[in-house]
$ cat target_20.cif   # mmCIF, C-alpha atoms
data_protein
loop_
_atom_site.label_atom_id
_atom_site.label_comp_id
_atom_site.auth_asym_id
_atom_site.auth_seq_id
_atom_site.Cartn_x
_atom_site.Cartn_y
_atom_site.Cartn_z
CA MET J 13 21.14 -18.62 -13.21
CA ILE J 14 21.60 -14.96 -14.05
CA GLU J 15 23.56 -12.24 -12.36
CA GLY J 16 21.61 -10.05 -9.99
CA SER J 17 21.32 -6.29 -10.15
CA GLY J 18 24.42 -4.82 -8.69
CA ASP J 19 25.43 -7.11 -5.86
CA GLY J 20 26.74 -9.82 -8.15
CA GLU J 21 24.88 -12.64 -6.45
CA PRO J 22 23.41 -15.15 -8.91
CA VAL J 23 19.64 -15.32 -9.15
CA ASP J 24 17.71 -18.39 -10.16
CA LEU J 25 15.72 -17.38 -13.23
CA ARG J 26 12.90 -19.83 -12.61
CA SER J 27 12.23 -18.65 -9.06
CA LEU J 28 12.60 -15.03 -10.19
CA ARG J 29 9.82 -15.59 -12.73
CA ALA J 30 7.74 -17.47 -10.18
CA ASP J 31 7.98 -14.55 -7.76
CA ASP J 32 7.07 -12.09 -10.52
CA ALA J 33 3.99 -14.18 -11.33
CA LEU J 34 3.12 -14.41 -7.63
CA LEU J 35 3.17 -10.62 -7.27
CA ASP J 36 1.00 -10.30 -10.40
CA ARG J 37 -1.53 -12.73 -8.92
CA LEU J 38 -1.55 -10.91 -5.60
CA ALA J 39 -1.98 -7.56 -7.36
CA ALA J 40 -4.92 -9.00 -9.30
CA ARG J 41 -6.42 -10.16 -5.98
CA GLY J 42 -6.49 -13.71 -7.30
CA PRO J 43 -7.42 -16.42 -4.81
CA GLY J 44 -4.53 -18.23 -3.17
CA PRO J 45 -4.23 -22.00 -3.06
CA ALA J 46 -5.95 -23.75 -0.18
CA GLY J 47 -3.49 -24.01 2.68
CA GLU J 48 -1.07 -21.47 1.22
CA GLN J 49 2.46 -22.69 2.03
CA ASP J 50 4.29 -19.52 1.03
CA ALA J 51 4.58 -17.45 4.21
CA ALA J 52 5.33 -14.22 2.33
CA ALA J 53 2.30 -14.70 0.07
CA ARG J 54 0.10 -15.36 3.12
CA LEU J 55 1.19 -12.17 4.82
CA LEU J 56 0.89 -10.02 1.71
CA ARG J 57 -2.57 -11.45 1.06
CA ALA J 58 -3.56 -10.55 4.62
CA LEU J 59 -2.28 -7.01 4.12
CA LEU J 60 -4.24 -6.72 0.88
CA GLU J 61 -7.42 -8.00 2.51
CA ASP J 62 -6.96 -5.48 5.29
CA VAL J 63 -6.43 -2.43 3.07
CA ASP J 64 -9.13 -3.54 0.62
CA ALA J 65 -11.73 -4.44 3.23
CA ALA J 66 -11.92 -1.13 5.07
CA ASP J 67 -14.47 1.14 3.44
CA ALA J 68 -12.87 3.35 0.85
CA PRO J 69 -13.85 6.98 1.21
CA ALA J 70 -16.73 7.71 -1.12
CA GLY J 71 -18.04 10.79 -2.80
CA PRO J 72 -16.32 13.76 -4.36
CA LEU J 73 -12.90 14.85 -3.25
CA SER J 74 -12.98 17.05 -0.19
CA ALA J 75 -10.28 18.79 1.73
CA PRO J 76 -8.33 16.45 4.01
CA GLY J 77 -9.65 16.57 7.53
CA ALA J 78 -13.03 17.81 6.37
CA PRO J 79 -16.02 16.45 8.32
CA ARG J 80 -16.88 12.89 7.34
CA PRO J 81 -20.38 11.82 6.44
CA ALA J 82 -22.70 11.79 9.40
CA GLY J 83 -23.78 8.45 10.76
CA SER J 84 -21.57 5.63 11.76
CA ARG J 85 -18.39 7.22 12.99
CA ALA J 86 -18.83 10.91 13.23
CA ARG J 87 -17.19 11.78 16.51
CA ALA J 88 -13.58 12.60 16.33
CA ARG J 89 -11.01 13.40 18.89
CA SER J 90 -7.31 14.05 18.84
CA ARG J 91 -4.65 11.58 19.73
CA ALA J 92 -1.05 12.57 19.87
CA THR J 93 0.58 9.55 18.32
CA ALA J 94 0.70 7.90 14.98
CA PRO J 95 2.83 4.88 14.09
CA GLU J 96 5.81 5.70 11.98
CA ARG J 97 5.94 3.56 8.89
CA GLY J 98 8.79 3.47 6.61
CA MET S 250 -7.59 16.99 -19.60
CA GLN S 251 -7.67 20.69 -18.75
CA GLY S 252 -11.23 21.93 -18.52
CA ASP S 253 -12.78 18.52 -19.14
CA ALA S 254 -14.53 17.83 -15.87
CA GLY S 255 -15.91 14.48 -17.01
CA ALA S 256 -12.53 13.16 -18.06
CA THR S 257 -10.98 14.40 -14.82
CA GLU S 258 -13.66 12.59 -12.83
CA VAL S 259 -13.00 9.35 -14.73
CA LEU S 260 -9.27 9.72 -14.22
CA ILE S 261 -9.54 10.31 -10.49
CA GLY S 262 -12.08 7.49 -10.22
CA ARG S 263 -9.45 5.12 -11.58
CA VAL S 264 -6.50 6.50 -9.68
CA ARG S 265 -8.10 7.00 -6.29
CA PRO S 266 -8.65 3.36 -5.19
CA MET S 267 -5.01 2.54 -5.90
CA VAL S 268 -3.83 5.62 -4.03
CA VAL S 269 -6.08 4.89 -1.04
CA ARG S 270 -4.79 1.32 -0.70
CA TYR S 271 -1.20 2.37 -1.17
CA CYS S 272 -1.50 5.06 1.52
CA ARG S 273 -3.20 2.59 3.87
CA ALA S 274 -0.45 0.03 3.35
CA ARG S 275 2.30 2.62 3.89
CA LEU S 276 0.77 4.51 6.81
CA GLY S 277 -1.23 1.81 8.56
CA ARG S 278 -4.03 2.40 11.03
CA VAL S 279 -4.22 4.97 13.79
CA SER S 280 -6.35 3.79 16.71
CA GLY S 281 -7.65 1.00 14.51
CA GLN S 282 -8.81 3.31 11.72
CA TYR S 283 -7.49 4.25 8.31
CA HIS S 284 -8.78 7.81 8.35
CA ALA S 285 -5.36 9.45 8.60
CA ALA S 286 -4.13 7.39 5.63
CA ASP S 287 -7.32 8.18 3.71
CA ASP S 288 -6.78 11.89 4.35
CA VAL S 289 -3.29 11.61 2.86
CA ALA S 290 -4.81 9.79 -0.14
CA GLN S 291 -7.20 12.72 -0.54
CA GLU S 292 -4.27 15.11 -0.49
CA VAL S 293 -2.54 13.03 -3.16
CA CYS S 294 -5.59 13.08 -5.42
CA ILE S 295 -6.00 16.83 -4.98
CA ALA S 296 -2.30 17.32 -5.72
CA VAL S 297 -2.63 15.16 -8.85
CA LEU S 298 -5.55 17.31 -10.00
CA SER S 299 -3.61 20.49 -9.29
CA ALA S 300 -0.58 19.22 -11.19
CA LEU S 301 -2.52 17.91 -14.20
CA PRO S 302 -2.27 21.16 -16.22
CA ARG S 303 1.52 20.90 -15.96
CA TYR S 304 1.63 17.19 -16.79
CA ARG S 305 3.22 16.33 -20.12
CA ASP S 306 3.23 12.83 -21.56
CA MET S 307 6.94 12.05 -21.81
CA GLY S 308 6.41 8.37 -22.54
CA ARG S 309 6.44 7.33 -18.89
CA PRO S 310 3.38 5.65 -17.37
CA PHE S 311 0.92 8.04 -15.76
CA ALA S 312 1.18 5.89 -12.63
CA SER S 313 4.74 7.05 -12.09
CA PHE S 314 3.47 10.65 -12.03
CA VAL S 315 0.76 9.74 -9.49
CA PHE S 316 2.91 7.62 -7.20
CA GLY S 317 5.76 10.10 -7.35
CA ILE S 318 3.36 12.61 -5.82
CA ALA S 319 2.07 9.97 -3.37
CA ALA S 320 5.59 9.16 -2.17
CA HIS S 321 6.21 12.82 -1.33
CA LYS S 322 2.87 13.22 0.47
CA ILE S 323 3.47 10.07 2.52
CA ALA S 324 6.96 11.23 3.47
CA ASP S 325 5.45 14.54 4.62
CA ALA S 326 2.80 12.68 6.62
CA LEU S 327 5.36 10.43 8.30
CA ARG S 328 7.46 13.44 9.26
CA SER S 329 4.52 15.30 10.74
CA ALA S 330 2.98 12.24 12.42
CA VAL S 331 5.56 12.29 15.17
CA ARG S 332 4.77 15.83 16.21
CA THR S 333 1.17 16.50 15.19
CA ALA S 334 -2.05 15.35 16.80
CA VAL S 335 -3.92 13.07 14.45
CA PRO S 336 -7.72 13.09 14.56
CA THR S 337 -9.16 9.66 15.16
CA GLU S 338 -12.69 8.54 15.59
CA ASP S 339 -14.62 7.28 18.53
CA LEU S 340 -16.96 4.34 18.90
CA PRO S 341 -19.43 3.69 16.06
CA ASP S 342 -22.86 5.26 16.41
CA GLY S 343 -24.74 2.55 14.54
CA PRO S 344 -24.58 -1.10 13.52
CA ASP S 345 -21.30 -2.26 12.07
CA GLU S 346 -21.66 -4.48 9.00
CA ARG S 347 -18.00 -5.38 8.76
CA PRO S 348 -16.80 -8.99 9.35
CA GLY S 349 -17.18 -10.40 12.86
CA PRO S 350 -14.71 -9.58 15.62
CA GLU S 351 -12.77 -12.86 15.43
CA GLU S 352 -12.26 -12.67 11.68
CA THR S 353 -11.42 -9.00 11.93
CA VAL S 354 -8.86 -9.56 14.68
CA VAL S 355 -7.15 -12.41 12.82
CA ARG S 356 -6.96 -10.36 9.63
CA TYR S 357 -5.78 -7.32 11.55
CA LEU S 358 -3.01 -9.27 13.30
CA GLU S 359 -1.78 -10.88 10.08
CA ALA S 360 -1.81 -7.52 8.33
CA GLU S 361 0.13 -5.99 11.20
CA GLN S 362 2.68 -8.81 10.97
CA ALA S 363 3.02 -8.08 7.26
CA ARG S 364 3.63 -4.40 8.04
CA VAL S 365 6.21 -5.22 10.70
CA LEU S 366 8.14 -7.46 8.34
CA LEU S 367 7.86 -5.07 5.41
CA HIS S 368 9.21 -2.35 7.67
CA ARG S 369 12.34 -4.44 8.21
CA LEU S 370 13.07 -4.57 4.49
CA PRO S 371 15.39 -2.01 2.91
CA GLY S 372 13.33 1.04 1.90
CA GLN S 373 13.51 0.45 -1.83
CA GLN S 374 12.48 -3.21 -1.53
CA ARG S 375 9.55 -2.30 0.71
CA GLU S 376 8.46 0.41 -1.67
CA LEU S 377 8.56 -1.77 -4.75
CA VAL S 378 6.67 -4.63 -3.10
CA LEU S 379 3.90 -2.21 -2.10
CA LEU S 380 3.80 -0.60 -5.54
CA ARG S 381 3.66 -4.01 -7.25
CA VAL S 382 1.15 -5.67 -4.92
CA VAL S 383 -0.97 -3.01 -3.24
CA ALA S 384 -1.01 -0.38 -5.99
CA GLY S 385 -1.03 -3.09 -8.67
CA LEU S 386 1.67 -1.54 -10.85
CA SER S 387 3.57 -3.65 -13.36
CA ALA S 388 7.33 -4.16 -13.02
CA GLU S 389 7.80 -1.56 -15.77
CA GLU S 390 5.57 1.01 -14.05
CA THR S 391 7.22 0.34 -10.69
CA GLY S 392 10.61 0.81 -12.30
CA ASN S 393 9.49 4.17 -13.67
CA VAL S 394 8.41 5.33 -10.21
CA LEU S 395 11.64 4.18 -8.55
CA GLY S 396 14.07 4.98 -11.35
CA MET S 397 14.93 1.34 -12.03
CA THR S 398 14.73 -0.92 -15.03
CA ALA S 399 11.96 -3.54 -15.06
CA GLY S 400 14.64 -6.22 -14.82
CA ALA S 401 16.15 -4.61 -11.74
CA VAL S 402 12.66 -4.44 -10.20
CA ARG S 403 12.17 -8.17 -10.80
CA VAL S 404 15.49 -9.04 -9.20
CA ALA S 405 14.89 -6.73 -6.25
CA GLN S 406 11.35 -8.03 -5.65
CA HIS S 407 12.71 -11.58 -5.78
CA ARG S 408 15.23 -10.69 -3.07
CA ALA S 409 12.55 -8.89 -1.06
CA LEU S 410 10.28 -11.94 -1.12
CA ALA S 411 13.16 -14.19 -0.08
CA ARG S 412 13.80 -11.93 2.92
CA LEU S 413 10.12 -11.79 3.77
CA ARG S 414 9.87 -15.59 3.67
CA ALA S 415 12.88 -16.00 5.93
CA MET S 416 11.58 -13.41 8.40
CA ALA S 417 8.06 -14.86 8.36
CA VAL S 418 9.36 -18.36 9.09
CA ALA S 419 11.55 -17.02 11.90
CA MET S 420 8.58 -15.13 13.32
CA GLU S 421 6.39 -18.24 13.20
CA GLU S 422 9.05 -20.35 14.88
CA SER S 423 9.68 -17.81 17.62
CA GLY S 424 5.93 -17.69 18.27
CA ARG S 425 5.63 -21.41 18.89
#

$ encode --input "target_20.cif" --output "structure tokens"
Amino acid sequence: MIEGSGDGEPVDLRSLRADDALLDRLAARGPGPAGEQDAAARLLRALLEDVDAADAPAGPLSAPGAPRPAGSRARARSRATAPERG
Amino acid sequence: MQGDAGATEVLIGRVRPMVVRYCRARLGRVSGQYHAADDVAQEVCIAVLSALPRYRDMGRPFASFVFGIAAHKIADALRSAVRTAVPTEDLPDGPDERPGPEETVVRYLEAEQARVLLHRLPGQQRELVLLRVVAGLSAEETGNVLGMTAGAVRVAQHRALARLRAMAVAMEESGR
């Protein structure tokens, strides 16, 4: 056990290291174990798959809001709402 | 870097994917698309390029310079999102080669759950989990962005994961 950062609550060193290694594996996009039991790892992996899977914008930098490449999704229209994220 | 177009291109080529994913994770989708988040990522990359001539290596990771800029741009975007119309796109014009609808929906729902739970974390914990996992920064680099020691990052991420686990279990149980 070690003392935590500021709030004084003890932290289990082994699980602290395990979580650090888990985040490293997730960041490296390493495959999870079959039937992942860790609910937090499952959700973070889903978030990663979602942000990785959508096509990244390609080509040289252009001004934000500039017309996107013609073809698949060229028509745009305005919507007045956007979800607020923290 | 100044005046070296090739080096600048290489630099942005390395930085941009991380910035895009980080902006997507922070801002989420609008009408099912990431275009608003991708536009913010573009702004971040342009701002990084603009700031490069003033950048001085002070021993801190370059990532802390980039994600410091990203954090400000995202805060600006979140402030303006509540009052500004955001352009979104209509139906696709051609064939869509992305995963099938069922797989897409499942992934989308799980990712949304992750966002909901991350949003319930204290701001600093949410930020460091996204920097560590989505942007792929080390504990040291994350600490440089957030003004924390690497040790404090490891403790805080441990607490963040514990909260996430508890909330995820509660969410699963309430959904049964």

$ resolve_selection --input "target_20.cif" --expression "the PyMOL selection byres ((chain S and resi 365) around 12)" --output "list in words"
Leu55, Leu56, Leu59, Pro95, Glu96, Arg97 and Gly98 of chain J; Ala274, Arg275, Leu276, Gly277, Leu358, Glu359, Ala360, Glu361, Gln362, Ala363, Arg364, Leu366, Leu367, His368, Arg369, Leu370, Arg375, Leu413, Met416, Ala417 and Met420 of chain S

$ write_last_selection --input "target_20.cif" --atoms "C-alpha atoms" --output "PDB file, keeping the file's coordinate frame"
ATOM      1  CA  LEU J  55       1.190 -12.170   4.820  1.00  0.00           C
ATOM      2  CA  LEU J  56       0.890 -10.020   1.710  1.00  0.00           C
ATOM      3  CA  LEU J  59      -2.280  -7.010   4.120  1.00  0.00           C
ATOM      4  CA  PRO J  95       2.830   4.880  14.090  1.00  0.00           C
ATOM      5  CA  GLU J  96       5.810   5.700  11.980  1.00  0.00           C
ATOM      6  CA  ARG J  97       5.940   3.560   8.890  1.00  0.00           C
ATOM      7  CA  GLY J  98       8.790   3.470   6.610  1.00  0.00           C
TER       8      GLY J  98
ATOM      9  CA  ALA S 274      -0.450   0.030   3.350  1.00  0.00           C
ATOM     10  CA  ARG S 275       2.300   2.620   3.890  1.00  0.00           C
ATOM     11  CA  LEU S 276       0.770   4.510   6.810  1.00  0.00           C
ATOM     12  CA  GLY S 277      -1.230   1.810   8.560  1.00  0.00           C
ATOM     13  CA  LEU S 358      -3.010  -9.270  13.300  1.00  0.00           C
ATOM     14  CA  GLU S 359      -1.780 -10.880  10.080  1.00  0.00           C
ATOM     15  CA  ALA S 360      -1.810  -7.520   8.330  1.00  0.00           C
ATOM     16  CA  GLU S 361       0.130  -5.990  11.200  1.00  0.00           C
ATOM     17  CA  GLN S 362       2.680  -8.810  10.970  1.00  0.00           C
ATOM     18  CA  ALA S 363       3.020  -8.080   7.260  1.00  0.00           C
ATOM     19  CA  ARG S 364       3.630  -4.400   8.040  1.00  0.00           C
ATOM     20  CA  LEU S 366       8.140  -7.460   8.340  1.00  0.00           C
ATOM     21  CA  LEU S 367       7.860  -5.070   5.410  1.00  0.00           C
ATOM     22  CA  HIS S 368       9.210  -2.350   7.670  1.00  0.00           C
ATOM     23  CA  ARG S 369      12.340  -4.440   8.210  1.00  0.00           C
ATOM     24  CA  LEU S 370      13.070  -4.570   4.490  1.00  0.00           C
ATOM     25  CA  ARG S 375       9.550  -2.300   0.710  1.00  0.00           C
ATOM     26  CA  LEU S 413      10.120 -11.790   3.770  1.00  0.00           C
ATOM     27  CA  MET S 416      11.580 -13.410   8.400  1.00  0.00           C
ATOM     28  CA  ALA S 417       8.060 -14.860   8.360  1.00  0.00           C
ATOM     29  CA  MET S 420       8.580 -15.130  13.320  1.00  0.00           C
TER      30      MET S 420
END

$ resolve_selection --input "target_20.cif" --expression "the PyMOL selection byres ((chain J and resi 61-63) around 12)" --output "mmCIF file with C-alpha atoms, keeping the file's coordinate frame"
data_model
loop_
_atom_site.group_PDB
_atom_site.id
_atom_site.type_symbol
_atom_site.label_atom_id
_atom_site.label_comp_id
_atom_site.auth_asym_id
_atom_site.auth_seq_id
_atom_site.Cartn_x
_atom_site.Cartn_y
_atom_site.Cartn_z
ATOM 1 C CA LEU J 38 -1.550 -10.910 -5.600
ATOM 2 C CA ALA J 39 -1.980 -7.560 -7.360
ATOM 3 C CA ARG J 41 -6.420 -10.160 -5.980
ATOM 4 C CA GLY J 42 -6.490 -13.710 -7.300
ATOM 5 C CA PRO J 43 -7.420 -16.420 -4.810
ATOM 6 C CA ARG J 54 0.100 -15.360 3.120
ATOM 7 C CA LEU J 55 1.190 -12.170 4.820
ATOM 8 C CA LEU J 56 0.890 -10.020 1.710
ATOM 9 C CA ARG J 57 -2.570 -11.450 1.060
ATOM 10 C CA ALA J 58 -3.560 -10.550 4.620
ATOM 11 C CA LEU J 59 -2.280 -7.010 4.120
ATOM 12 C CA LEU J 60 -4.240 -6.720 0.880
ATOM 13 C CA ASP J 64 -9.130 -3.540 0.620
ATOM 14 C CA ALA J 65 -11.730 -4.440 3.230
ATOM 15 C CA ALA J 66 -11.920 -1.130 5.070
ATOM 16 C CA ASP J 67 -14.470 1.140 3.440
ATOM 17 C CA ALA J 68 -12.870 3.350 0.850
ATOM 18 C CA PRO S 266 -8.650 3.360 -5.190
ATOM 19 C CA MET S 267 -5.010 2.540 -5.900
ATOM 20 C CA VAL S 268 -3.830 5.620 -4.030
ATOM 21 C CA VAL S 269 -6.080 4.890 -1.040
ATOM 22 C CA ARG S 270 -4.790 1.320 -0.700
ATOM 23 C CA TYR S 271 -1.200 2.370 -1.170
ATOM 24 C CA CYS S 272 -1.500 5.060 1.520
ATOM 25 C CA ARG S 273 -3.200 2.590 3.870
ATOM 26 C CA ALA S 274 -0.450 0.030 3.350
ATOM 27 C CA ARG S 275 2.300 2.620 3.890
ATOM 28 C CA LEU S 276 0.770 4.510 6.810
ATOM 29 C CA GLY S 277 -1.230 1.810 8.560
ATOM 30 C CA ARG S 278 -4.030 2.400 11.030
ATOM 31 C CA GLY S 281 -7.650 1.000 14.510
ATOM 32 C CA GLN S 282 -8.810 3.310 11.720
ATOM 33 C CA TYR S 283 -7.490 4.250 8.310
ATOM 34 C CA HIS S 284 -8.780 7.810 8.350
ATOM 35 C CA ALA S 286 -4.130 7.390 5.630
ATOM 36 C CA ASP S 287 -7.320 8.180 3.710
ATOM 37 C CA ARG S 347 -18.000 -5.380 8.760
ATOM 38 C CA PRO S 348 -16.800 -8.990 9.350
ATOM 39 C CA GLU S 352 -12.260 -12.670 11.680
ATOM 40 C CA THR S 353 -11.420 -9.000 11.930
ATOM 41 C CA VAL S 354 -8.860 -9.560 14.680
ATOM 42 C CA VAL S 355 -7.150 -12.410 12.820
ATOM 43 C CA ARG S 356 -6.960 -10.360 9.630
ATOM 44 C CA TYR S 357 -5.780 -7.320 11.550
ATOM 45 C CA LEU S 358 -3.010 -9.270 13.300
ATOM 46 C CA GLU S 359 -1.780 -10.880 10.080
ATOM 47 C CA ALA S 360 -1.810 -7.520 8.330
ATOM 48 C CA GLU S 361 0.130 -5.990 11.200
ATOM 49 C CA GLN S 362 2.680 -8.810 10.970
ATOM 50 C CA ALA S 363 3.020 -8.080 7.260
ATOM 51 C CA ARG S 364 3.630 -4.400 8.040
ATOM 52 C CA LEU S 379 3.900 -2.210 -2.100
ATOM 53 C CA VAL S 382 1.150 -5.670 -4.920
ATOM 54 C CA VAL S 383 -0.970 -3.010 -3.240
ATOM 55 C CA ALA S 384 -1.010 -0.380 -5.990
#

$ atom_distance --input "target_20.cif" --atom1 "atom CA of S:Gln374" --atom2 "atom CA of S:Arg328"
20.5 Å

$ residues_around --input "target_20.cif" --residues "stretch 294-306 of chain S" --least-positions-apart "3" --cutoff "12 Å" --atoms "all atoms listed in the file" --output "PyMOL selection string"
(chain J and resi 72-76) or (chain S and resi 250-254+256-269+272+287-291+309-322)

$ write_last_selection --input "target_20.cif" --atoms "C-alpha atoms" --output "PDB file, in the coordinates of the input"
ATOM      1  CA  PRO J  72     -16.320  13.760  -4.360  1.00  0.00           C
ATOM      2  CA  LEU J  73     -12.900  14.850  -3.250  1.00  0.00           C
ATOM      3  CA  SER J  74     -12.980  17.050  -0.190  1.00  0.00           C
ATOM      4  CA  ALA J  75     -10.280  18.790   1.730  1.00  0.00           C
ATOM      5  CA  PRO J  76      -8.330  16.450   4.010  1.00  0.00           C
TER       6      PRO J  76
ATOM      7  CA  MET S 250      -7.590  16.990 -19.600  1.00  0.00           C
ATOM      8  CA  GLN S 251      -7.670  20.690 -18.750  1.00  0.00           C
ATOM      9  CA  GLY S 252     -11.230  21.930 -18.520  1.00  0.00           C
ATOM     10  CA  ASP S 253     -12.780  18.520 -19.140  1.00  0.00           C
ATOM     11  CA  ALA S 254     -14.530  17.830 -15.870  1.00  0.00           C
ATOM     12  CA  ALA S 256     -12.530  13.160 -18.060  1.00  0.00           C
ATOM     13  CA  THR S 257     -10.980  14.400 -14.820  1.00  0.00           C
ATOM     14  CA  GLU S 258     -13.660  12.590 -12.830  1.00  0.00           C
ATOM     15  CA  VAL S 259     -13.000   9.350 -14.730  1.00  0.00           C
ATOM     16  CA  LEU S 260      -9.270   9.720 -14.220  1.00  0.00           C
ATOM     17  CA  ILE S 261      -9.540  10.310 -10.490  1.00  0.00           C
ATOM     18  CA  GLY S 262     -12.080   7.490 -10.220  1.00  0.00           C
ATOM     19  CA  ARG S 263      -9.450   5.120 -11.580  1.00  0.00           C
ATOM     20  CA  VAL S 264      -6.500   6.500  -9.680  1.00  0.00           C
ATOM     21  CA  ARG S 265      -8.100   7.000  -6.290  1.00  0.00           C
ATOM     22  CA  PRO S 266      -8.650   3.360  -5.190  1.00  0.00           C
ATOM     23  CA  MET S 267      -5.010   2.540  -5.900  1.00  0.00           C
ATOM     24  CA  VAL S 268      -3.830   5.620  -4.030  1.00  0.00           C
ATOM     25  CA  VAL S 269      -6.080   4.890  -1.040  1.00  0.00           C
ATOM     26  CA  CYS S 272      -1.500   5.060   1.520  1.00  0.00           C
ATOM     27  CA  ASP S 287      -7.320   8.180   3.710  1.00  0.00           C
ATOM     28  CA  ASP S 288      -6.780  11.890   4.350  1.00  0.00           C
ATOM     29  CA  VAL S 289      -3.290  11.610   2.860  1.00  0.00           C
ATOM     30  CA  ALA S 290      -4.810   9.790  -0.140  1.00  0.00           C
ATOM     31  CA  GLN S 291      -7.200  12.720  -0.540  1.00  0.00           C
ATOM     32  CA  ARG S 309       6.440   7.330 -18.890  1.00  0.00           C
ATOM     33  CA  PRO S 310       3.380   5.650 -17.370  1.00  0.00           C
ATOM     34  CA  PHE S 311       0.920   8.040 -15.760  1.00  0.00           C
ATOM     35  CA  ALA S 312       1.180   5.890 -12.630  1.00  0.00           C
ATOM     36  CA  SER S 313       4.740   7.050 -12.090  1.00  0.00           C
ATOM     37  CA  PHE S 314       3.470  10.650 -12.030  1.00  0.00           C
ATOM     38  CA  VAL S 315       0.760   9.740  -9.490  1.00  0.00           C
ATOM     39  CA  PHE S 316       2.910   7.620  -7.200  1.00  0.00           C
ATOM     40  CA  GLY S 317       5.760  10.100  -7.350  1.00  0.00           C
ATOM     41  CA  ILE S 318       3.360  12.610  -5.820  1.00  0.00           C
ATOM     42  CA  ALA S 319       2.070   9.970  -3.370  1.00  0.00           C
ATOM     43  CA  ALA S 320       5.590   9.160  -2.170  1.00  0.00           C
ATOM     44  CA  HIS S 321       6.210  12.820  -1.330  1.00  0.00           C
ATOM     45  CA  LYS S 322       2.870  13.220   0.470  1.00  0.00           C
TER      46      LYS S 322
END

$ closest_residue --input "target_20.cif" --among "J:Arg37, J:Pro22, J:Gly44, J:Ala52" --to "chain S" --atoms "only C-alpha atoms"
J:Ala52

$ resolve_selection --input "target_20.cif" --expression "the PyMOL selection byres ((chain S and resi 377) around 8)" --output "NGL selection string"
:S and (373-376 or 378-381 or 391 or 395 or 402 or 406)

$ write_last_selection --input "target_20.cif" --atoms "C-alpha atoms" --output "PDB file, in the coordinates of the input"
ATOM      1  CA  GLN S 373      13.510   0.450  -1.830  1.00  0.00           C
ATOM      2  CA  GLN S 374      12.480  -3.210  -1.530  1.00  0.00           C
ATOM      3  CA  ARG S 375       9.550  -2.300   0.710  1.00  0.00           C
ATOM      4  CA  GLU S 376       8.460   0.410  -1.670  1.00  0.00           C
ATOM      5  CA  VAL S 378       6.670  -4.630  -3.100  1.00  0.00           C
ATOM      6  CA  LEU S 379       3.900  -2.210  -2.100  1.00  0.00           C
ATOM      7  CA  LEU S 380       3.800  -0.600  -5.540  1.00  0.00           C
ATOM      8  CA  ARG S 381       3.660  -4.010  -7.250  1.00  0.00           C
ATOM      9  CA  THR S 391       7.220   0.340 -10.690  1.00  0.00           C
ATOM     10  CA  LEU S 395      11.640   4.180  -8.550  1.00  0.00           C
ATOM     11  CA  VAL S 402      12.660  -4.440 -10.200  1.00  0.00           C
ATOM     12  CA  GLN S 406      11.350  -8.030  -5.650  1.00  0.00           C
TER      13      GLN S 406
END

$ atom_distance --input "target_20.cif" --atom1 "atom CA of J:Arg29" --atom2 "atom CA of S:Arg403"
8.0 Å

$ closest_residue --input "target_20.cif" --among "S:Val404, S:Val394, S:Ala411, S:Val293" --to "J:Val23" --atoms "only C-alpha atoms"
S:Val404

$ atom_distance --input "target_20.cif" --atom1 "atom CA of S:Glu389" --atom2 "atom CA of J:Asp50"
24.8 Å
